[in-house]
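Below is one structure, written out as structure tokens, with a few remarks after it.
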Protein chains: 2
Amino acid sequence: MPKRHIYLTDIPLDEARATLQAALQAANAAQPMPAERIPLAQALGRVTAQPVQAIRSSPHFHCAAMDGYALRADSTISARETQPLRLRLGDDAFAVNTGDPLPADTNAVIMIEHVNQDHDDSLLIYAAVSPWQHVRLMGEDIVTTETVLQVNHVLRPVDLGALAGCGHAQVAVRRRPHVRIIPTGGELLPYDQKPGRGQLTEYNSLMLAAQIEQAGGAASIGDIIGDNPAALTAALQSALDAEPQLVLLLSGSSAGAQDFSADAISRLGEVLVHGIAVRPGHPVIIGMAQDLPIIGVPGYPVSAALTGELLILPLIRQWLGLTPPQASQVEAVSTQKIASPLGDDDYVRVALAELDGQLQATPLGRGAGVITSLVRADGLAHIPRFHEGVDRGGKLPVALLRHRQEIQQSLMMMGSHDPMLDLLATHLRLRAGGRLVSVNVGSLGGLLALRRGEAHLAGAHLFDPETGSYNTSFVRRYLREKPVQLVTFAHREQGLMLASGNPLGIQSIGDLRRARYINRQRGAGTRVLLDYLLARQGIDPKEVAGYEHEEHNHLAVAAAVADGIGDCGMGLRGAAEALDLEFVGLVWERFDLAILQRFLETKPMQALLETLRDEAFRDDLGAQSGYRSDETGKLLIR
Amino acid sequence: MPKRHIYLTDIPLDEARATLQAALQAANAAQPMPAERIPLAQALGRVTAQPVQAIRSSPHFHCAAMDGYALRADSTISARETQPLRLRLGDDAFAVNTGDPLPADTNAVIMIEHVNQDHDDSLLIYAAVSPWQHVRLMGEDIVTTETVLQVNHVLRPVDLGALAGCGHAQVAVRRRPHVRIIPTGGELLPYDQKPGRGQLTEYNSLMLAAQIEQAGGAASIGDIIGDNPAALTAALQSALDAEPQLVLLLSGSSAGAQDFSADAISRLGEVLVHGIAVRPGHPVIIGMAQDLPIIGVPGYPVSAALTGELLILPLIRQWLGLTPPQASQVEAVSTQKIASPLGDDDYVRVALAELDGQLQATPLGRGAGVITSLVRADGLAHIPRFHEGVDRGGKLPVALLRHRQEIQQSLMMMGSHDPMLDLLATHLRLRAGGRLVSVNVGSLGGLLALRRGEAHLAGAHLFDPETGSYNTSFVRRYLREKPVQLVTFAHREQGLMLASGNPLGIQSIGDLRRARYINRQRGAGTRVLLDYLLARQGIDPKEVAGYEHEEHNHLAVAAAVADGIGDCGMGLRGAAEALDLEFVGLVWERFDLAILQRFLETKPMQALLETLRDEAFRDDLGAQSGYRSDETGKLLIR
């Protein structure tokens with residue numbers, strides 16, 4: 001078992017960057033990469049290592065700018081409308097197409113429309129022609145020695161064309177900075193192997209290599225090194241010997257694993273920083289050995305990705321001679337209170353919605369292990385050091401991870417989660433290129449989000465025992481001031497999800513008294529349903545063990561039952577079947593979409609409604625176990 | 001010689017696109033590409049061909065969320081601060097690092113900080129632990145069957161990580177649409193061969209292939225086909241037989257060359273569109289053969305690039321299942337009157353400057369052959385059909401070709417051109433990542449641009465015969481209301497540029513009476529200088545043949561002399577030497593930068609001033625033939 005350190009010495013991000021830069025300067029490793037000459041056909045996206053001058057003018061001879069006849073202007077002086085001049089083809093005039101060089105001793109072109117070619121070997125012209133008329137002069141586009149491209153310029157398709165046009169077949173570009181990646185951790189397995197219990201898939205190397213490649217660097221990934229200090233030191237030594245620009249030591253997920261990296265760096269060089277006050281991601285190590293920088297990257301994937309963005313990519317750009325990446329910064333309003341540790345620069349993944357021109361940011365899962373929060377994120381909100389966070393409604397600076405236009409055209413749906421909303425999103429995307437973002441805050445939470453203007457629509461399956469109906473009375477109660485159109489999404493089967501084989505023989509709500517239950521969060525439609533069913537049977541929630549254990553969606557409840565954390569939970573047939581659980585059906589409930597009236601006529605919402613009513617989608621939905629689509633798309637009167 | 005058509009039937013862009021779409025629909029070729037499965041390591045930037053569901057939960061077992069000890073929560077109920085509970089290591093408690101799986105029969109983790117490990121084989125705890133405390137539950141990140149990524153999604157680094165994390169080693173992506181490119185034109189040579197007189201470098205294939213590759217397609221380029229109808233038809237047939245998604249026939253530059261393409265398409269299929277009302281670029285052909293689309297691309301490079309943007313890239317995106325590319329649209333004010341043909345959608349390349357939050361657009365060269373206008377462009381202004389253009393000060397919609405932030409941080413310099421401004425731009429870029437944009441409107445034009453607030457600074461070398469000084473009196477006269485700081489850029493040698501060997505024996509201004517002169521445009525400092533020198537010698541401009549022939553920069557004058565269009569022109573020693581001309585020096589003049597006071601303290605301008613005073617830059621400038629840098633960077637009193 002390794003030594004166990006507790007790190008209390010996290011330093012601010014800026015200080016860490018400054019330390020790294022000072023070390024790079026001292027090692028003479030802060031400068032842009034040297035040049036290599038490569039053929040133009042391989043140069044797209046590469047960065048010029050020096051300014052490029054034309055080595056040939058373009059065009060490099062005088063040429064016709066029109067289809068017609070080249071001639072000598074001074075030979076045409078006598079031509080008049082009333083007294084046309086005859087020119088002999090091949091002697092006085094020469095047929096030319098646009099782009100053809102002017103024949104020797106000609107200095108003008110007359111357009112084909114302005115001559116009368118009445119003979120095979122001669123033609124008539126009716127007016128004098130000025131010198132250089134309809135001639136594209138040599139060097140019109142570019143003259144030899146002119147600067148065509150600046151240094152440190154990312155080559156685009158037109159640049160390649162211009163370089164070829166002025167005489168270059170190759171271009172001097174900056175060599176790609178090479179990053180050697182060493183994944184470490186005894187519990188880790190390459191992603192193309194199936195992990196057993198206690199084993200985890202190592203994918204940070206894949207993700208960081210892709211980040212580096214996208215930024216213009218070149219990454220190579222070594223074998224995973226187990227928890228073996230000697231092997232790690234040897235791997236680090238061998239990486240340094242290959243003289244890359246940077247070595248990354250990727251830790252396993254444990255805090256203890258950091259020590260392996262730090263110890264290996266100390267053995268071969270020096271640890272300069274151990275711990276940066278950034279969240280998520282603080283156990284970052286920065287070191288130098290053999291005048292080469294080494295970064296120890298934390299094991300949690302979100303921390304690893306953020307370390308890439310904040311520390312590694314700026315280095316790649318520096319070595320390419322480029323200025324730091326410029327994410328588009330916007331200001332958004334937070335839909336939730338976000339608490340943030342005072343000492344850290346806190347980066348919060350957010351979903352963004354734009355309603356009436358106002359960007360609304362909703363924080364996604366904040367765990368450093370939740371890579372899907374980064375996949376789903378539309379932006380990264382930054383809560384700087386010495387800030388405690390923001391209140392609901394407070395302003396947040398957000399770096400966009402998606403085009404603003406894509407966000408503007410997205411539909412934000414809050415409320416209850418149904419796995420088939422993904423199916424709807426797929427059909428919408430295939431049909432109209434639209435994007436449906438869905439944030440799970442429970443049925444009631446969705447209606448309240450509509451009231452606050454945080455979402456375009458909400459998903460709800462709220463049963464009202466007094467009326468025996470779904471959703472309508474809730475909409476009436478909570479959205480009196482906000483006109484809403486209810487549209488049916490689906491009918492779906494709710495019931496009890498039970499461990500495989502149903503060892504406790506649970507058949508009904510009454511049996512919950514003798515089972516460990518997994519509940520849904522307050523405000524979830526499924527919880528409302530449970531409370532109704534319990535009350536109808538005269539069962540006090542206190543009699544149900546595990547009533548306090550809350551999960552936030554059907555699959556999470558199913559997973560908890562599958563894992564034996566509980567014996568039983570309420571949820572969808574589909575979720576139970578997905579995890580091979582037993583299922584006892586209880587009710588068919590209606591899941592509706594509540595759409596704010598004022599967004600009903602927008603193009604994205606119309607595309608959504610068309611998709612809902614589309615036969616292909618309804619067939620697809622109805623074919624899913626536990627779903628009926630016969631009323632899908634039906635407009636409901638409140 | 002081919003038949004000569006005159007095309008009067010250009011159709012609007014929208015109509016051409018609709019025709020193409022209808023033909024694709026009829027040929028069943030409008031749908032997105034089918035899938036291929038590829039390893040994740042190759043999938044960056046590719047597009048998902050179907051939604052992707054998790055095939056393994058992540059994490060796929062319960063694991064420790066903290067470094068500490070795993071234990072059974074119910075075994076700790078009796079622990080109290082005053083009555084600590086002893087747990088035996090290996091029986092009741094198990095050391096775990098973050099990420100480790102919970103040992104069998106444990107369901108909670110106590111943090112290492114909260115125990116007292118007073119013995120090697122046992123430890124004390126001081127409080128009861130709740131079930132699942134500090135445990136990362138199976139599926140916290142993602143549960144089997146959950147949708148991780150939607151269809152038609154461009155894969156980013158984090159997406160690759162998420163896919164690996166939930167059990168995928170491969171992903172189904174859309175096959176790349178394949179475009180077969182056939183360059184044609186008897187006058188064309190591949191760009192890696194040196195063209196002789198009458199030969200032109202073929203680079204449209206290089207440029208279009210790069211556009212296609214950047215958009216996610218795959219391009220292959222065939223050999224250049226000369227003006228041989230049979231060979232072209234055979235090449236087209238062979239391209240069709242390879243069953244790509246699209247064939248491009250690239251014409252040579254002549255209007256006649258279009259006919260070869262149209263004839264070949266007609267022979268094997270059908271021409272649907274011949275001529276689109278877009279400027280530049282209208283002789284576009286759209287055809288179908290063997291149910292495959294063929295686009296005939298005009299030969300002028302700007303037309304070719306624009307055909308790529310407007311017609312070809314939207315097809316690539318359609319086949320990838322993506323929505324049309326969304327260039328950021330901004331509104332800019334035109335610094336010049338722009339006339340536009342009423343019948344065409346006109347795309348004008350513009351340089352953009354942002355002053356006081358207002359974007360100013362200055363049109364660059366409009367010729368379809370001037371590829372450098374596209375290289376230099378910051379944006380593409382669109383003047384729709386049925387619009388006659390805009391006046392100076394009128395509003396223009398502009399699609400950005402550069403990040404807005406890059407434009408905001410650029411310095412716009414108008415005025416006189418000096419080739420060494422590129423050297424300054426290079427040093428600025430290397431020193432501070434800054435960008436100096438220079439638009440040549442002549443010395444006086446630059447001062448007037450400053451007065452209108454169109455540029456941050458201007459370059460001028462205006463000699464005032466009355467005072468014998470440069471620039472100061474002009475600044476006083478034209479910029480009375482706009483405080484300006486003059487800074488010296490360089491002293492440079494002006495003189496007469498003469499054909500190699502100086503066959504006419506020209507030695508002084510007086511000799512201009514017997515030479516064909518190449519002049520500079522009105523308002524250019526060099527022209528002011530000429531007029532002064534002529535007046536001093538008592539020579540009437542009318543005595544100078546070619547006085548009316550105007551070129552817009554030193555190199556253009558030099559090129560015209562080198563080409564024998566004239567015998568003599570006035571310009572810089574450097575320009576003469578670049579084109580191997582003779583040079584008779586006449587004066588050393590001062591070239592100054594006039595900087596609007598209100599931009600003097602901005603960061604980009606400070607970086608420019610620091611660069612001007614930088615020793616490395618001054619040495620580099622002073623080493624150029626015909627330049628002195630001893631006063632470079634000096635502030636001048638008005």
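Going through the structure tokens in order, the chains are called A, B, and so on, while each chain numbers its residues from 1 and the ligands are numbered from 1 in the order shown.
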
Q: At a cut-off of 7 Å, list the chain A residues touching chain B, using only C-alpha atoms, as a PyMOL selection string.
A: chain A and resi 41+44+51+61+67+97-101+139+141+143+145+147+150-151+157-162+164-165+169+191-192+197-198+201+203-204+206-207+210-211+253-256+323+369-372+374-375+422+426+433+555+559+578

(Q) Which residues are near region 393-399 of chain B? Cut-off 7 Å, only C-alpha atoms, ignore same chain within fewer than 6 positions. Put them as a list in words. (A)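 Counting only C-alpha atoms, the residues come to Ala327, Ser328, Gln329, Val330, Glu331, Ala332, Val333, Ser334, Thr335, Gly379, Leu380, Ala381 and His382 of chain B.
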
Restrict the selected residues to N, CA and C atoms and save them as an mmCIF file, in the first residue's frame.
```cif
data_model
loop_
_atom_site.group_PDB
_atom_site.id
_atom_site.type_symbol
_atom_site.label_atom_id
_atom_site.label_comp_id
_atom_site.auth_asym_id
_atom_site.auth_seq_id
_atom_site.Cartn_x
_atom_site.Cartn_y
_atom_site.Cartn_z
ATOM 1 N N ALA B 327 -22.462 29.841 -40.891
ATOM 2 C CA ALA B 327 -21.455 30.885 -40.685
ATOM 3 C C ALA B 327 -22.089 31.940 -39.800
ATOM 4 N N SER B 328 -21.295 32.505 -38.912
ATOM 5 C CA SER B 328 -21.808 33.584 -38.067
ATOM 6 C C SER B 328 -22.116 34.793 -38.941
ATOM 7 N N GLN B 329 -23.337 35.265 -38.855
ATOM 8 C CA GLN B 329 -23.739 36.430 -39.628
ATOM 9 C C GLN B 329 -23.629 37.677 -38.767
ATOM 10 N N VAL B 330 -23.032 38.716 -39.326
ATOM 11 C CA VAL B 330 -22.985 39.984 -38.604
ATOM 12 C C VAL B 330 -23.436 41.087 -39.559
ATOM 13 N N GLU B 331 -23.661 42.254 -39.013
ATOM 14 C CA GLU B 331 -23.994 43.389 -39.850
ATOM 15 C C GLU B 331 -22.834 44.366 -39.797
ATOM 16 N N ALA B 332 -22.390 44.799 -40.955
ATOM 17 C CA ALA B 332 -21.270 45.739 -41.015
ATOM 18 C C ALA B 332 -21.687 46.940 -41.842
ATOM 19 N N VAL B 333 -20.940 48.023 -41.671
ATOM 20 C CA VAL B 333 -21.170 49.234 -42.450
ATOM 21 C C VAL B 333 -20.135 49.253 -43.568
ATOM 22 N N SER B 334 -20.570 49.524 -44.775
ATOM 23 C CA SER B 334 -19.634 49.537 -45.892
ATOM 24 C C SER B 334 -18.864 50.845 -45.932
ATOM 25 N N THR B 335 -17.538 50.751 -46.076
ATOM 26 C CA THR B 335 -16.723 51.970 -46.160
ATOM 27 C C THR B 335 -16.684 52.510 -47.582
ATOM 28 N N GLY B 379 -14.530 38.373 -44.206
ATOM 29 C CA GLY B 379 -15.946 38.026 -44.312
ATOM 30 C C GLY B 379 -16.386 38.066 -45.761
ATOM 31 N N LEU B 380 -17.588 37.509 -45.969
ATOM 32 C CA LEU B 380 -18.184 37.464 -47.293
ATOM 33 C C LEU B 380 -19.516 38.217 -47.179
ATOM 34 N N ALA B 381 -19.567 39.382 -47.821
ATOM 35 C CA ALA B 381 -20.814 40.150 -47.788
ATOM 36 C C ALA B 381 -21.731 39.628 -48.880
ATOM 37 N N HIS B 382 -23.003 39.558 -48.579
ATOM 38 C CA HIS B 382 -23.969 39.045 -49.545
ATOM 39 C C HIS B 382 -24.906 40.175 -49.959
#
```

Q.
So that I can see what lies close to Ala339 (chain A), please list as a ChimeraX atom specification the residues with an atom at most 7 Å from it, counting only C-alpha atoms and leaving out residues fewer than 3 positions away in the same chain.
A. /A:388-390

**Q.** Members of region 241-456 of chain A assigned strand (DSSP E or B) by DSSP, as a PyMOL selection string
**A.** chain A and resi 246-250+270-274+276+278-279+285-289+292-297+329-334+338-339+345-355+358-363+379-383+389-390+395-400+410-415+435-440

Q: Tell me, as a ChimeraX atom specification, which residues lie within 12 Å of Ile407 (chain B), counting only C-alpha atoms; anything in the same chain fewer than 2 positions away does not count.
A: /B:351-355,357-361,377-379,400-405,409-412,434-437,604

Q: Would you work out the distance separating CA of Val278 (chain A) from CA of Leu24 (chain A), expressed in Å to one decimal?
A: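 These two atoms are separated by 21.8 Å.
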
Q: Could you give me, as a list in words, the residues within 8 Å of Leu311 (chain A), counting only C-alpha atoms and dropping anything in the same chain fewer than 4 positions from it?
A: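 Residues near the query, excluding close chain neighbours: Arg17, Thr307 and Leu315 of chain A.
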
Resulting file, chosen residues, C-alpha atoms, as a short mmCIF file (atom, residue, chain, number, x, y, z; two decimals), in the first residue's frame:
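Heads up, here's the output in result_6.cif:
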```cif
data_model
loop_
_atom_site.label_atom_id
_atom_site.label_comp_id
_atom_site.auth_asym_id
_atom_site.auth_seq_id
_atom_site.Cartn_x
_atom_site.Cartn_y
_atom_site.Cartn_z
CA ARG A 17 0.49 28.20 -15.26
CA THR A 307 -6.96 19.43 -17.31
CA LEU A 315 0.60 24.47 -24.38
#
```

Q.
Residues of region 182-270 of chain A classed as alpha helix (DSSP H) by DSSP on the backbone are to be reported as number ranges by chain.
A. A: 204-214, 229-241, 255-268

Take the residues from that selection and put them in a file with N, CA and C atoms, as a CSV table (one decimal), in the first residue's frame.
```csv
chain,number,residue,atom,x,y,z
A,204,ASN,N,-9.2,7.8,-20.6
A,204,ASN,CA,-8.7,9.1,-20.6
A,204,ASN,C,-7.6,9.3,-21.6
A,205,SER,N,-6.8,8.3,-21.9
A,205,SER,CA,-5.8,8.4,-22.9
A,205,SER,C,-6.4,8.7,-24.3
A,206,LEU,N,-7.5,8.0,-24.6
A,206,LEU,CA,-8.2,8.2,-25.9
A,206,LEU,C,-8.7,9.6,-26.0
A,207,MET,N,-9.3,10.1,-24.9
A,207,MET,CA,-9.9,11.4,-24.9
A,207,MET,C,-8.9,12.5,-25.0
A,208,LEU,N,-7.8,12.4,-24.2
A,208,LEU,CA,-6.7,13.4,-24.3
A,208,LEU,C,-6.0,13.4,-25.6
A,209,ALA,N,-5.8,12.2,-26.2
A,209,ALA,CA,-5.1,12.1,-27.5
A,209,ALA,C,-6.0,12.8,-28.5
A,210,ALA,N,-7.3,12.6,-28.4
A,210,ALA,CA,-8.2,13.3,-29.4
A,210,ALA,C,-8.2,14.8,-29.2
A,211,GLN,N,-8.2,15.2,-27.9
A,211,GLN,CA,-8.1,16.7,-27.7
A,211,GLN,C,-6.8,17.3,-28.3
A,212,ILE,N,-5.7,16.6,-28.1
A,212,ILE,CA,-4.4,17.0,-28.6
A,212,ILE,C,-4.4,17.0,-30.1
A,213,GLU,N,-4.9,16.0,-30.7
A,213,GLU,CA,-4.9,15.9,-32.2
A,213,GLU,C,-5.8,17.0,-32.8
A,214,GLN,N,-6.9,17.2,-32.1
A,214,GLN,CA,-7.8,18.3,-32.6
A,214,GLN,C,-7.2,19.7,-32.5
A,229,PRO,N,5.9,1.0,-9.0
A,229,PRO,CA,6.7,2.2,-9.1
A,229,PRO,C,7.9,2.0,-10.1
A,230,ALA,N,8.6,0.9,-10.0
A,230,ALA,CA,9.7,0.7,-10.9
A,230,ALA,C,9.3,0.7,-12.4
A,231,ALA,N,8.2,0.0,-12.7
A,231,ALA,CA,7.8,0.0,-14.1
A,231,ALA,C,7.4,1.4,-14.5
A,232,LEU,N,6.7,2.1,-13.6
A,232,LEU,CA,6.3,3.5,-14.0
A,232,LEU,C,7.5,4.4,-14.3
A,233,THR,N,8.5,4.3,-13.4
A,233,THR,CA,9.7,5.1,-13.6
A,233,THR,C,10.4,4.7,-14.9
A,234,ALA,N,10.4,3.4,-15.2
A,234,ALA,CA,11.1,3.0,-16.5
A,234,ALA,C,10.3,3.5,-17.6
A,235,ALA,N,8.9,3.5,-17.6
A,235,ALA,CA,8.1,4.0,-18.7
A,235,ALA,C,8.3,5.5,-18.8
A,236,LEU,N,8.4,6.2,-17.7
A,236,LEU,CA,8.6,7.6,-17.8
A,236,LEU,C,10.0,7.9,-18.4
A,237,GLN,N,11.0,7.2,-18.0
A,237,GLN,CA,12.3,7.4,-18.5
A,237,GLN,C,12.3,7.1,-20.0
A,238,SER,N,11.7,6.1,-20.4
A,238,SER,CA,11.7,5.8,-21.9
A,238,SER,C,10.9,6.8,-22.7
A,239,ALA,N,9.8,7.3,-22.1
A,239,ALA,CA,9.1,8.4,-22.7
A,239,ALA,C,9.9,9.7,-22.9
A,240,LEU,N,10.7,10.0,-21.8
A,240,LEU,CA,11.5,11.2,-21.9
A,240,LEU,C,12.6,11.0,-22.9
A,241,ASP,N,13.1,9.8,-23.0
A,241,ASP,CA,14.2,9.5,-24.0
A,241,ASP,C,13.8,9.7,-25.4
A,255,ALA,N,-6.9,8.7,-5.1
A,255,ALA,CA,-6.1,9.8,-4.7
A,255,ALA,C,-4.7,9.3,-4.5
A,256,GLY,N,-4.6,8.0,-4.0
A,256,GLY,CA,-3.3,7.4,-3.7
A,256,GLY,C,-2.5,7.2,-5.0
A,257,ALA,N,-3.2,7.0,-6.1
A,257,ALA,CA,-2.5,6.8,-7.4
A,257,ALA,C,-1.7,8.0,-7.8
A,258,GLN,N,-2.1,9.2,-7.4
A,258,GLN,CA,-1.3,10.4,-7.7
A,258,GLN,C,0.1,10.2,-7.2
A,259,ASP,N,0.3,9.5,-6.1
A,259,ASP,CA,1.6,9.4,-5.5
A,259,ASP,C,2.6,8.7,-6.4
A,260,PHE,N,2.1,7.7,-7.0
A,260,PHE,CA,2.9,6.9,-8.0
A,260,PHE,C,3.5,7.9,-9.0
A,261,SER,N,2.7,8.7,-9.5
A,261,SER,CA,3.1,9.7,-10.6
A,261,SER,C,4.1,10.7,-10.0
A,262,ALA,N,3.8,11.2,-8.8
A,262,ALA,CA,4.7,12.2,-8.2
A,262,ALA,C,6.0,11.6,-7.9
A,263,ASP,N,6.0,10.4,-7.3
A,263,ASP,CA,7.2,9.7,-6.9
A,263,ASP,C,8.1,9.5,-8.2
A,264,ALA,N,7.5,9.0,-9.3
A,264,ALA,CA,8.2,8.7,-10.5
A,264,ALA,C,8.9,10.0,-11.0
A,265,ILE,N,8.1,11.1,-11.0
A,265,ILE,CA,8.7,12.4,-11.5
A,265,ILE,C,9.8,12.8,-10.6
A,266,SER,N,9.6,12.7,-9.3
A,266,SER,CA,10.7,13.1,-8.3
A,266,SER,C,11.9,12.3,-8.6
A,267,ARG,N,11.8,11.0,-8.9
A,267,ARG,CA,12.9,10.2,-9.1
A,267,ARG,C,13.8,10.7,-10.3
A,268,LEU,N,13.1,11.2,-11.4
A,268,LEU,CA,13.8,11.5,-12.6
A,268,LEU,C,14.0,13.0,-12.7
```

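In this comparison, which uses only C-alpha atoms, the residue of B:Pro244, B:Gly633, B:Gly564, B:Pro314 approaching Val487 (chain B) most closely is B:Gly633.
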